[in-house]
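For reference, the structure discussed in these notes is given below.
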Amino acid sequence: TLFRSYFIQQWMGGSDNPFFWYHIFSTLFGWGIILITGFFLVRLFSWRAAFFGLLFLFVSPRFLGHIMGNLTDTSFAFAYLLFFYHLYLLNEELPSIKWKRVIYITFSILLATSIHSGGYLLLFFLFLFSILYYLLYNPIKKIFTLPYFINLLKLLIVIGTISIVVYIFDAVYLPYSFWSTYVNPLDALSVMTENITSIEQLFEGKLITSENTPSYYLLKYFFITTPFVIMIGFILFFIVLKTAVKKTSGFHCFLLFFALFYPLIYITKERLNGYEDFAQHLFLYPFIILLAVSGFESLLIKINDKYTNPVIIGFMFFLSLMPLRHIIVNHPYEAIYFNEISGGVPNTYGNYEMDAQNISNKMGWETFAHYFRNEGVREHKQKDKLVVCTNGEAALQIFQTKDSAFVQLEFCRYEDRYNYDWDYFISFGKGLPAYQYLYGIWPPTNSFQTISIEGKPIIAFIKNDDKPIN
């Protein structure tokens, strides 16, 4: 995905920095998710529900953090949501089949399969929900009539053609991963997580690797990082399900439910690899929002009282202020968020990774660059370079480029830092045992500055006291 964004920016004659376009495209796909969620809710309920959906997405700190710097998973989430939106419209329009609907569905599947092998799961959904809807909403007694048979045959031909186009296009367009064109749609989720990089991470106070995450890893992360107001709406959906079914139809409620819970249950049951909170499974989050909004909207429809409804809406807005405060106060670290149930950052610090998405790289380098430029650590006219070591991501080099004439950047593990010759060390607080955070061992005593979230350090700038700088 990074290479595709790089080629596009080259075609547009843009910046030589591919990460700039990487973030631009990620944000555009994120806005696409927000837009489609609104359209979806307008179709299901009303413009009021669409407004609630936009509000919930805007007060979802982890979601905002991902869409601003996680192009792969954001674009896949966009394709997944786009597919279900147009599948919903396709079903609503049956037995008529519009060409634009076929094009949108084909495009969404092609986009999804070009990003993750998990995109082939959409072919299974296409067959399942299209045929099921047709059979449920067309009298079975007409099955032997000519119009019934012709319309069903037309639907099967369209679905089959879309599937063939997807496999052929991927075989031609993605020759480097030709093997993926033979993925069974029912096995797509397993293939999606087969080749992920093994990453050591802190989870429930223990250091674990990506392939050894517990089966409830994804469920737990959704539980502790989804704002409380959204969780209330999600629970309400099942309480007022009868009203939701009456308003939108049982089939469409089942569609939303299945789009969320089939992958969620499959991932949990098969104990698929997990890493970086719910990053790889971001495509499920818009459906949590859709069900949460359905819960609140169905409750308002059920009560329908001019005095009670404003109180419910006011309560919803009040609860939204808590994650909104985190977004405003802790920008640009919106994604470092844990909800009210978990006790927030202060209570989860030392038990879970704070910056799983490495969003603090840029701020870490800019803070250090400001220090060495303004504190007289190294005059620019000197020829020798300041040696800076870090356990940050390789993307840190992008931010260091303009200072490369004066700084030599090296990478190493925090535990191995004294095996290297450095003047300063930029330490990102990740992948360390819990006790180092909980007992104040990290940041070390020779840290001259830290960056903190809610009073908890996430970056430490360390000076090598054993080595004179000048």
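Naming works like this for the structure tokens: A, B, ... for the chains as they're shown, residue 1 at the start of each chain, ligands 1 onward in shown order.
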For His326 (chain A), please output as a list in words all residues within 12 Å (counting only C-alpha atoms; exclusion window: fewer than 5 positions along the same chain). Phe58, Val59, Ser60, Pro61, Arg62, Leu64, Pro227, Ser320, Leu321, His331, Pro332, Tyr333, Glu334, Ala335, Ile336, Tyr337, Phe338, Asn339, Glu340, Gly344, Val345, Ile453 and Glu454 of chain A
List the neighbours of region 76-88 of chain A out to 8 Å using only C-alpha atoms; skip same-chain residues closer than 4 positions along the sequence, and give me the result as a ChimeraX atom specification. /A:29-30,32-33,36-37,40,72,92,101,104-105,108-109,111-112,115-116,119,122,126,130,252,282-284,286
Can you tell me, as a PDB file with N, CA, C and O atoms, in the first residue's frame, what residues are no more than 9 Å from region 234-248 of chain A when counting only C-alpha atoms, ignoring any on the same chain fewer than 2 positions away?
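Contents of the output file part.pdb:
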ATOM      1  N   ARG A  43     -30.121   5.777   5.129  1.00  0.00           N
ATOM      2  CA  ARG A  43     -30.949   4.757   4.486  1.00  0.00           C
ATOM      3  C   ARG A  43     -31.658   3.880   5.515  1.00  0.00           C
ATOM      4  O   ARG A  43     -32.827   3.506   5.331  1.00  0.00           O
ATOM      5  N   LEU A  44     -30.947   3.543   6.589  1.00  0.00           N
ATOM      6  CA  LEU A  44     -31.522   2.658   7.598  1.00  0.00           C
ATOM      7  C   LEU A  44     -32.552   3.368   8.466  1.00  0.00           C
ATOM      8  O   LEU A  44     -33.610   2.810   8.781  1.00  0.00           O
ATOM      9  N   PHE A  45     -32.234   4.608   8.874  1.00  0.00           N
ATOM     10  CA  PHE A  45     -33.105   5.324   9.798  1.00  0.00           C
ATOM     11  C   PHE A  45     -33.456   6.726   9.290  1.00  0.00           C
ATOM     12  O   PHE A  45     -34.485   6.931   8.679  1.00  0.00           O
ATOM     13  N   VAL A 229     -19.914   5.715  25.722  1.00  0.00           N
ATOM     14  CA  VAL A 229     -21.201   6.095  25.117  1.00  0.00           C
ATOM     15  C   VAL A 229     -21.537   5.162  23.956  1.00  0.00           C
ATOM     16  O   VAL A 229     -22.699   4.807  23.741  1.00  0.00           O
ATOM     17  N   ILE A 230     -20.534   4.734  23.206  1.00  0.00           N
ATOM     18  CA  ILE A 230     -20.764   3.823  22.076  1.00  0.00           C
ATOM     19  C   ILE A 230     -21.112   2.429  22.592  1.00  0.00           C
ATOM     20  O   ILE A 230     -21.971   1.742  22.029  1.00  0.00           O
ATOM     21  N   MET A 231     -20.489   2.019  23.674  1.00  0.00           N
ATOM     22  CA  MET A 231     -20.795   0.714  24.252  1.00  0.00           C
ATOM     23  C   MET A 231     -22.232   0.664  24.765  1.00  0.00           C
ATOM     24  O   MET A 231     -22.908  -0.359  24.636  1.00  0.00           O
ATOM     25  N   ILE A 232     -22.704   1.774  25.330  1.00  0.00           N
ATOM     26  CA  ILE A 232     -24.094   1.831  25.795  1.00  0.00           C
ATOM     27  C   ILE A 232     -25.047   1.661  24.620  1.00  0.00           C
ATOM     28  O   ILE A 232     -26.014   0.900  24.684  1.00  0.00           O
ATOM     29  N   GLY A 250     -35.791  -7.170   9.656  1.00  0.00           N
ATOM     30  CA  GLY A 250     -34.955  -8.149  10.337  1.00  0.00           C
ATOM     31  C   GLY A 250     -33.751  -8.549   9.514  1.00  0.00           C
ATOM     32  O   GLY A 250     -32.673  -8.797  10.057  1.00  0.00           O
ATOM     33  N   PHE A 251     -33.929  -8.586   8.192  1.00  0.00           N
ATOM     34  CA  PHE A 251     -32.823  -8.999   7.333  1.00  0.00           C
ATOM     35  C   PHE A 251     -31.668  -8.018   7.418  1.00  0.00           C
ATOM     36  O   PHE A 251     -30.503  -8.423   7.496  1.00  0.00           O
ATOM     37  N   HIS A 252     -31.964  -6.721   7.423  1.00  0.00           N
ATOM     38  CA  HIS A 252     -30.896  -5.725   7.433  1.00  0.00           C
ATOM     39  C   HIS A 252     -30.214  -5.649   8.796  1.00  0.00           C
ATOM     40  O   HIS A 252     -29.012  -5.378   8.876  1.00  0.00           O
ATOM     41  N   CYS A 253     -30.964  -5.898   9.858  1.00  0.00           N
ATOM     42  CA  CYS A 253     -30.334  -5.992  11.183  1.00  0.00           C
ATOM     43  C   CYS A 253     -29.388  -7.189  11.208  1.00  0.00           C
ATOM     44  O   CYS A 253     -28.279  -7.109  11.742  1.00  0.00           O
ATOM     45  N   ILE A 288     -19.580  -1.586  14.570  1.00  0.00           N
ATOM     46  CA  ILE A 288     -19.886  -1.319  15.982  1.00  0.00           C
ATOM     47  C   ILE A 288     -20.624   0.005  16.085  1.00  0.00           C
ATOM     48  O   ILE A 288     -21.612   0.138  16.829  1.00  0.00           O
ATOM     49  N   ILE A 289     -20.179   0.993  15.330  1.00  0.00           N
ATOM     50  CA  ILE A 289     -20.845   2.303  15.310  1.00  0.00           C
ATOM     51  C   ILE A 289     -22.262   2.179  14.770  1.00  0.00           C
ATOM     52  O   ILE A 289     -23.213   2.742  15.335  1.00  0.00           O
ATOM     53  N   LEU A 290     -22.437   1.447  13.661  1.00  0.00           N
ATOM     54  CA  LEU A 290     -23.768   1.289  13.063  1.00  0.00           C
ATOM     55  C   LEU A 290     -24.743   0.646  14.041  1.00  0.00           C
ATOM     56  O   LEU A 290     -25.900   1.083  14.161  1.00  0.00           O
ATOM     57  N   LEU A 291     -24.300  -0.367  14.772  1.00  0.00           N
ATOM     58  CA  LEU A 291     -25.172  -1.024  15.741  1.00  0.00           C
ATOM     59  C   LEU A 291     -25.423  -0.130  16.950  1.00  0.00           C
ATOM     60  O   LEU A 291     -26.536  -0.109  17.493  1.00  0.00           O
ATOM     61  N   ALA A 292     -24.406   0.622  17.380  1.00  0.00           N
ATOM     62  CA  ALA A 292     -24.577   1.528  18.528  1.00  0.00           C
ATOM     63  C   ALA A 292     -25.580   2.631  18.205  1.00  0.00           C
ATOM     64  O   ALA A 292     -26.455   2.954  19.024  1.00  0.00           O
ATOM     65  N   VAL A 293     -25.458   3.216  17.024  1.00  0.00           N
ATOM     66  CA  VAL A 293     -26.416   4.250  16.611  1.00  0.00           C
ATOM     67  C   VAL A 293     -27.808   3.647  16.465  1.00  0.00           C
ATOM     68  O   VAL A 293     -28.808   4.273  16.856  1.00  0.00           O
ATOM     69  N   SER A 294     -27.892   2.446  15.922  1.00  0.00           N
ATOM     70  CA  SER A 294     -29.187   1.768  15.800  1.00  0.00           C
ATOM     71  C   SER A 294     -29.828   1.592  17.167  1.00  0.00           C
ATOM     72  O   SER A 294     -31.062   1.695  17.312  1.00  0.00           O
ATOM     73  N   GLY A 295     -29.013   1.336  18.190  1.00  0.00           N
ATOM     74  CA  GLY A 295     -29.529   1.189  19.538  1.00  0.00           C
ATOM     75  C   GLY A 295     -30.139   2.471  20.066  1.00  0.00           C
ATOM     76  O   GLY A 295     -31.279   2.486  20.561  1.00  0.00           O
ATOM     77  N   PHE A 296     -29.397   3.581  19.961  1.00  0.00           N
ATOM     78  CA  PHE A 296     -29.918   4.868  20.442  1.00  0.00           C
ATOM     79  C   PHE A 296     -31.122   5.318  19.616  1.00  0.00           C
ATOM     80  O   PHE A 296     -32.129   5.786  20.166  1.00  0.00           O
ATOM     81  N   GLU A 297     -31.023   5.194  18.295  1.00  0.00           N
ATOM     82  CA  GLU A 297     -32.108   5.652  17.424  1.00  0.00           C
ATOM     83  C   GLU A 297     -33.374   4.831  17.658  1.00  0.00           C
ATOM     84  O   GLU A 297     -34.484   5.395  17.702  1.00  0.00           O
ATOM     85  N   SER A 298     -33.243   3.537  17.833  1.00  0.00           N
ATOM     86  CA  SER A 298     -34.409   2.692  18.089  1.00  0.00           C
ATOM     87  C   SER A 298     -35.038   3.017  19.438  1.00  0.00           C
ATOM     88  O   SER A 298     -36.273   2.979  19.582  1.00  0.00           O
ATOM     89  N   LEU A 299     -34.215   3.348  20.417  1.00  0.00           N
ATOM     90  CA  LEU A 299     -34.739   3.742  21.722  1.00  0.00           C
ATOM     91  C   LEU A 299     -35.541   5.034  21.614  1.00  0.00           C
ATOM     92  O   LEU A 299     -36.644   5.152  22.187  1.00  0.00           O
ATOM     93  N   ILE A 301     -37.021   6.167  18.952  1.00  0.00           N
ATOM     94  CA  ILE A 301     -38.243   5.870  18.198  1.00  0.00           C
ATOM     95  C   ILE A 301     -39.265   5.175  19.102  1.00  0.00           C
ATOM     96  O   ILE A 301     -40.469   5.472  19.060  1.00  0.00           O
ATOM     97  N   LYS A 302     -38.780   4.272  19.925  1.00  0.00           N
ATOM     98  CA  LYS A 302     -39.670   3.511  20.816  1.00  0.00           C
ATOM     99  C   LYS A 302     -40.324   4.418  21.859  1.00  0.00           C
ATOM    100  O   LYS A 302     -41.530   4.328  22.109  1.00  0.00           O
TER     101      LYS A 302
END
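CA of Thr74 (chain A) is found 13.0 Å from CA of Gln357 (chain A).
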Quick one: which region 65-121 of chain A residues come within 12 Å of region 145-154 of chain A, and what is the nearest atom pair for each with the distance in Å to one decimal, counting only C-alpha atoms, rows ordered by chain and ascending number, as a Markdown table?
| residue | atom | partner | partner_atom | distance |
| --- | --- | --- | --- | --- |
| A:Leu94 | CA | A:Asn151 | CA | 8.6 |
| A:Pro95 | CA | A:Asn151 | CA | 6.1 |
| A:Ser96 | CA | A:Asn151 | CA | 8.2 |
| A:Ile97 | CA | A:Lys154 | CA | 8.7 |
| A:Lys98 | CA | A:Lys154 | CA | 11.8 |
Just write the chosen residues, all heavy atoms, as an mmCIF file, in the first residue's frame.
data_model
loop_
_atom_site.group_PDB
_atom_site.id
_atom_site.type_symbol
_atom_site.label_atom_id
_atom_site.label_comp_id
_atom_site.auth_asym_id
_atom_site.auth_seq_id
_atom_site.Cartn_x
_atom_site.Cartn_y
_atom_site.Cartn_z
ATOM 1 N N LEU A 94 -33.629 -5.210 -5.747
ATOM 2 C CA LEU A 94 -34.037 -6.446 -6.412
ATOM 3 C C LEU A 94 -35.550 -6.481 -6.641
ATOM 4 O O LEU A 94 -36.304 -5.945 -5.821
ATOM 5 C CB LEU A 94 -33.604 -7.658 -5.577
ATOM 6 C CG LEU A 94 -32.116 -7.979 -5.553
ATOM 7 C CD1 LEU A 94 -31.837 -9.138 -4.593
ATOM 8 C CD2 LEU A 94 -31.603 -8.319 -6.942
ATOM 9 N N PRO A 95 -36.026 -7.072 -7.736
ATOM 10 C CA PRO A 95 -35.281 -7.885 -8.711
ATOM 11 C C PRO A 95 -34.526 -7.059 -9.772
ATOM 12 O O PRO A 95 -33.811 -7.629 -10.576
ATOM 13 C CB PRO A 95 -36.376 -8.714 -9.363
ATOM 14 C CG PRO A 95 -37.573 -7.849 -9.311
ATOM 15 C CD PRO A 95 -37.477 -7.114 -7.990
ATOM 16 N N SER A 96 -34.702 -5.744 -9.730
ATOM 17 C CA SER A 96 -33.936 -4.914 -10.657
ATOM 18 C C SER A 96 -32.472 -4.873 -10.218
ATOM 19 O O SER A 96 -32.179 -4.798 -9.014
ATOM 20 C CB SER A 96 -34.511 -3.494 -10.679
ATOM 21 O OG SER A 96 -33.700 -2.635 -11.428
ATOM 22 N N ILE A 97 -31.555 -4.931 -11.180
ATOM 23 C CA ILE A 97 -30.128 -4.868 -10.878
ATOM 24 C C ILE A 97 -29.514 -3.733 -11.690
ATOM 25 O O ILE A 97 -29.523 -3.762 -12.919
ATOM 26 C CB ILE A 97 -29.417 -6.201 -11.221
ATOM 27 C CG1 ILE A 97 -30.014 -7.342 -10.398
ATOM 28 C CG2 ILE A 97 -27.912 -6.078 -10.957
ATOM 29 C CD1 ILE A 97 -29.415 -8.700 -10.711
ATOM 30 N N LYS A 98 -29.016 -2.719 -10.982
ATOM 31 C CA LYS A 98 -28.454 -1.544 -11.646
ATOM 32 C C LYS A 98 -26.960 -1.747 -11.904
ATOM 33 O O LYS A 98 -26.243 -2.286 -11.063
ATOM 34 C CB LYS A 98 -28.671 -0.303 -10.781
ATOM 35 C CG LYS A 98 -30.143 0.054 -10.588
ATOM 36 C CD LYS A 98 -30.302 1.304 -9.743
ATOM 37 C CE LYS A 98 -31.781 1.658 -9.573
ATOM 38 N NZ LYS A 98 -31.959 2.876 -8.737
#
May I have a table of the residues of region 329-360 of chain A lying at most 12 Å from region 207-220 of chain A, giving each one's closest pair of atoms and their distance in Å to one decimal, counting only C-alpha atoms, ordered by chain and ascending residue number, as JSON lines?
{"residue": "A:Phe338", "atom": "CA", "partner": "A:Lys220", "partner_atom": "CA", "distance": 11.3}
{"residue": "A:Asn339", "atom": "CA", "partner": "A:Lys220", "partner_atom": "CA", "distance": 11.8}
{"residue": "A:Ile341", "atom": "CA", "partner": "A:Lys220", "partner_atom": "CA", "distance": 11.6}
{"residue": "A:Ser342", "atom": "CA", "partner": "A:Lys220", "partner_atom": "CA", "distance": 10.3}
{"residue": "A:Gly350", "atom": "CA", "partner": "A:Leu207", "partner_atom": "CA", "distance": 10.5}
{"residue": "A:Asn351", "atom": "CA", "partner": "A:Leu207", "partner_atom": "CA", "distance": 9.2}
{"residue": "A:Tyr352", "atom": "CA", "partner": "A:Leu207", "partner_atom": "CA", "distance": 9.2}
{"residue": "A:Glu353", "atom": "CA", "partner": "A:Leu207", "partner_atom": "CA", "distance": 9.6}
Create the file for the chosen residues now, containing C-alpha atoms and written as a PDB file, in the first residue's frame.
ATOM      1  CA  PHE A 338      -8.350   3.752  26.938  1.00  0.00           C
ATOM      2  CA  ASN A 339     -12.000   4.170  27.866  1.00  0.00           C
ATOM      3  CA  ILE A 341     -14.313   1.323  31.992  1.00  0.00           C
ATOM      4  CA  SER A 342     -10.589   0.542  31.810  1.00  0.00           C
ATOM      5  CA  GLY A 350       2.226  -0.717  32.436  1.00  0.00           C
ATOM      6  CA  ASN A 351      -0.441  -3.263  31.507  1.00  0.00           C
ATOM      7  CA  TYR A 352      -0.952  -2.474  27.815  1.00  0.00           C
ATOM      8  CA  GLU A 353       1.105  -0.884  25.073  1.00  0.00           C
TER       9      GLU A 353
END
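Ranking A:Phe203, A:Phe411, A:Trp99, A:Phe254 by their shortest atom-to-atom distance to Gly431 (chain A), with only C-alpha atoms included, puts A:Phe203 first.
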